[in-house]
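Structure first, commentary second.
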Amino acid sequence: MTSPYLETSGTKRHAGFAELGAKAPLHRLTLFTGVPVWLVTGYAETRELLAHPDVVRSELDGPHRDEVTDELIASLEQHMLSANPPDHTRLRKLVSAAFTRRRIEQLEPRILEIAAGLLDEMAAAGGEVDLVDSYSYPLPITVISELIGIPAIRRDDFRRWSSVVVNAAVHPAEVYIEAATAMVMFIRELIEDKRVSPSNDLLSDLIAVRDGGDRLSPDELTSMVYLLLAAGHETTVSLITNGVHALLRNPDQLALLKAEPERLPAAVEELLRYDGPLQAAIPYIAKAPIEIGWHVIAPGEVIVFALLAANRDAGKFEQPDRLDITREASHVAFGHGIHHCLGAPLARLEGRIALGMLFDRFPGLELAADDDPIRSQGLLINAITRLPVRL
């Protein structure tokens, strides 16, 4: 069968994962990148293995590893998502000291303001707009850029670099290296500016944060800024876009949400399960033999978690292909275990605000095309690239 990761049709993508999941919860296969892996599609197996102490990240690993310098990899991959304990514990503690729940909660008035401004611009444009360019992208990139302290004039540059870096496997090595190098240079310049003139933003706090005598190294800083920027906007763009698409394709659920707006938090959780922003978690490796089911995963073998498949596992969810905003929340869209997404509270907040305000402002919103919108190719992101809607 065609790899679901390369399908540009959401219907075919989910069908491909469903076909795999119906056969078994684990599969020994070779990805489109040429790497042999254990692909995990079962919900229970995903949770078990993501919490297993012998399932670890391959440190200082990265795309196009044979052609990328160690220096560039170190500048992008020394963050907590790529680290194992005790380094992971140390990094997460330092970053959590700056990226607090209180800081996230304080963003709500500004997120409301940004969303309102974008909706005003959409209303002024009138007629038909592309939801991605007009709303789903600018909202989270503005939020995360202001949170970190990135000048507005550089956000389009970052969008261009980020789209290559997070989908590195489908780009030639030279294209990836060019984008990654430009991103690292930009982040380093930004860090130096903040060292000289700190302000009330997350990057200034990350530079200053300490745990006793410990602090983030230069490579850890560039890596963390990259992770926060990429993870902080790419996934939220897809959460908003995929969520709107799913609700418009399921008018009964949209009608229920409009009639009972208090269901919005539960609706966001169900949308994360139904068509989440990630196809897969970043690959892991086994550091010791792992017995699971009838299989033994050998040391050094790569493990890829197909989050889209796990979130529609028929062994866990009744009618998994049905959107049901009354469903009890249970998904692995943000991962599981020690690498559970630190930014999940911010993504949830932005998702609730974005969806709630959009349908309040444009109650007659509808899809401008009946065909299945095109999705980006690659291993990690499940992104609709363009979504024309009529206001």
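Numbering starts fresh at 1 for the residues of each chain in the structure tokens, the chains themselves are lettered A, B, ... in the order given, and ligands are numbered from 1 as they appear.
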Contact table region 132-188 of chain A vs region 83-99 of chain A, cut-off 12 Å, shortest pair per residue, only C-alpha atoms, as CSV:
```
residue,atom,partner,partner_atom,distance
A:Ile144,CA,A:Phe99,CA,11.6
A:Leu147,CA,A:Phe99,CA,9.6
A:Ile148,CA,A:Phe99,CA,9.9
```
Export of prior selection with C-alpha atoms as a compact mmCIF listing (two decimals), in the first residue's frame:
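This is the output file result.txt:
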```
# COMPACT_ATOMS: atom_id res chain seq x y z
CA ILE A 144 4.37 32.51 19.68
CA LEU A 147 5.70 35.35 23.42
CA ILE A 148 9.31 34.64 22.46
```
Restrict the calculation to only C-alpha atoms, then for each residue of region 275-320 of chain A with any atom at most 8 Å from an atom of region 30-49 of chain A give the closest atom pair and their distance in Å to one decimal, rows by chain and rising residue number, as JSON lines.
```
{"residue": "A:Ile292", "atom": "CA", "partner": "A:Glu45", "partner_atom": "CA", "distance": 7.8}
{"residue": "A:Ile297", "atom": "CA", "partner": "A:Trp38", "partner_atom": "CA", "distance": 7.8}
{"residue": "A:Glu301", "atom": "CA", "partner": "A:Val37", "partner_atom": "CA", "distance": 6.6}
{"residue": "A:Val302", "atom": "CA", "partner": "A:Val37", "partner_atom": "CA", "distance": 4.9}
{"residue": "A:Ile303", "atom": "CA", "partner": "A:Trp38", "partner_atom": "CA", "distance": 4.7}
{"residue": "A:Val304", "atom": "CA", "partner": "A:Leu39", "partner_atom": "CA", "distance": 4.9}
{"residue": "A:Phe305", "atom": "CA", "partner": "A:Val40", "partner_atom": "CA", "distance": 4.8}
{"residue": "A:Ala306", "atom": "CA", "partner": "A:Thr41", "partner_atom": "CA", "distance": 5.3}
{"residue": "A:Leu307", "atom": "CA", "partner": "A:Thr41", "partner_atom": "CA", "distance": 7.1}
{"residue": "A:Ala309", "atom": "CA", "partner": "A:Thr41", "partner_atom": "CA", "distance": 5.1}
{"residue": "A:Ala310", "atom": "CA", "partner": "A:Tyr43", "partner_atom": "CA", "distance": 4.2}
{"residue": "A:Asn311", "atom": "CA", "partner": "A:Tyr43", "partner_atom": "CA", "distance": 6.5}
{"residue": "A:Asp313", "atom": "CA", "partner": "A:Tyr43", "partner_atom": "CA", "distance": 6.0}
{"residue": "A:Gly315", "atom": "CA", "partner": "A:Tyr43", "partner_atom": "CA", "distance": 7.9}
{"residue": "A:Lys316", "atom": "CA", "partner": "A:Tyr43", "partner_atom": "CA", "distance": 6.7}
```
Selection export as a PDB file, in the first residue's frame, atoms kept: C-alpha atoms:
```pdb
ATOM      1  CA  ILE A 292       5.197  -6.288  23.521  1.00  0.00           C
ATOM      2  CA  ILE A 297      11.822  -5.028  19.557  1.00  0.00           C
ATOM      3  CA  GLU A 301      15.678  -0.620  16.274  1.00  0.00           C
ATOM      4  CA  VAL A 302      13.723   2.523  15.408  1.00  0.00           C
ATOM      5  CA  ILE A 303      10.163   2.979  16.696  1.00  0.00           C
ATOM      6  CA  VAL A 304       7.681   5.355  15.045  1.00  0.00           C
ATOM      7  CA  PHE A 305       4.352   6.099  16.693  1.00  0.00           C
ATOM      8  CA  ALA A 306       1.538   6.725  14.197  1.00  0.00           C
ATOM      9  CA  LEU A 307      -0.506   9.076  16.385  1.00  0.00           C
ATOM     10  CA  ALA A 309      -3.744   5.695  13.771  1.00  0.00           C
ATOM     11  CA  ALA A 310      -3.651   5.341  17.573  1.00  0.00           C
ATOM     12  CA  ASN A 311      -6.285   8.066  17.919  1.00  0.00           C
ATOM     13  CA  ASP A 313      -7.915   2.650  17.116  1.00  0.00           C
ATOM     14  CA  GLY A 315     -10.037  -1.296  20.014  1.00  0.00           C
ATOM     15  CA  LYS A 316     -10.114   1.898  22.075  1.00  0.00           C
TER      16      LYS A 316
END
```
Requested in this report: Please measure the separation of CA of Leu50 (chain A) and CA of Leu29 (chain A), giving the value in Å to one decimal.
Outcome: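 Atom-to-atom, CA of Leu50 (chain A) to CA of Leu29 (chain A), that is 19.3 Å.
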Requested in this report: Fewer than 3 positions away in the same chain doesn't count, so skip those; otherwise give me all residues within 9 Å of Ser162 (chain A), counting only C-alpha atoms, as a list in words.
Outcome: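 Near neighbours after the sequence-gap exclusion: Asp157, Phe158, Arg159, Val165, Val166, Asn167, Ala179, Ala180, Met183, Tyr226, Leu229, Ala230 and Glu234 of chain A.
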With N, CA and C atoms retained, export the selected residues as a compact mmCIF listing (two decimals), in the first residue's frame.
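The resulting file, again_6.txt, is reproduced below:
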```txt
# COMPACT_ATOMS: atom_id res chain seq x y z
N ASP A 157 9.87 35.09 7.02
CA ASP A 157 11.11 34.31 6.84
C ASP A 157 11.03 33.03 7.64
N PHE A 158 10.60 33.15 8.90
CA PHE A 158 10.55 31.97 9.74
C PHE A 158 9.56 30.95 9.20
N ARG A 159 8.43 31.41 8.66
CA ARG A 159 7.46 30.48 8.10
C ARG A 159 8.08 29.67 6.97
N VAL A 165 12.10 22.79 7.49
CA VAL A 165 12.80 22.07 8.55
C VAL A 165 11.92 20.99 9.17
N VAL A 166 10.63 21.28 9.41
CA VAL A 166 9.77 20.28 10.07
C VAL A 166 9.34 19.18 9.10
N ASN A 167 9.48 19.42 7.80
CA ASN A 167 9.18 18.38 6.81
C ASN A 167 10.44 18.01 6.04
N ALA A 179 17.81 26.10 4.72
CA ALA A 179 16.77 26.63 5.60
C ALA A 179 17.19 26.54 7.07
N ALA A 180 17.75 25.40 7.46
CA ALA A 180 18.16 25.20 8.86
C ALA A 180 19.27 26.17 9.25
N MET A 183 17.85 29.63 9.70
CA MET A 183 17.09 29.70 10.94
C MET A 183 18.01 29.82 12.15
N TYR A 226 14.15 27.10 18.54
CA TYR A 226 13.64 26.41 17.35
C TYR A 226 12.45 25.52 17.70
N LEU A 229 9.35 27.62 18.62
CA LEU A 229 8.79 28.29 17.45
C LEU A 229 8.08 27.31 16.53
N ALA A 230 8.78 26.22 16.19
CA ALA A 230 8.21 25.26 15.25
C ALA A 230 7.02 24.55 15.86
N GLU A 234 3.40 25.46 14.10
CA GLU A 234 3.04 24.49 13.06
C GLU A 234 1.86 23.62 13.51
```
Report task. Would you please extract all strand (DSSP E or B) residues from region 56-292 of chain A, as assigned by DSSP on the backbone, and give them as number ranges by chain? Result -> A: 56, 128-130, 211, 214, 278, 280, 284-286, 290-292
Requested in this report: Can you work out the spacing between CA of Ser58 (chain A) and CA of Arg273 (chain A) in Å, to one decimal?
Outcome: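 It comes out at 27.1 Å.
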Query raised in the report: Which is closest to Pro63 (chain A) among A:Glu270, A:Asp219, A:Glu77, A:Asp275, if we use only C-alpha atoms?
Result: A:Glu77
Report task. Give me every alpha helix (DSSP H) residue in region 114-349 of chain A, going by DSSP on the backbone, as a PyMOL selection string. Result -> chain A and resi 114-125+131+138-148+155-165+173-196+202-208+218-249+251-259+264-275+307-310+344-349
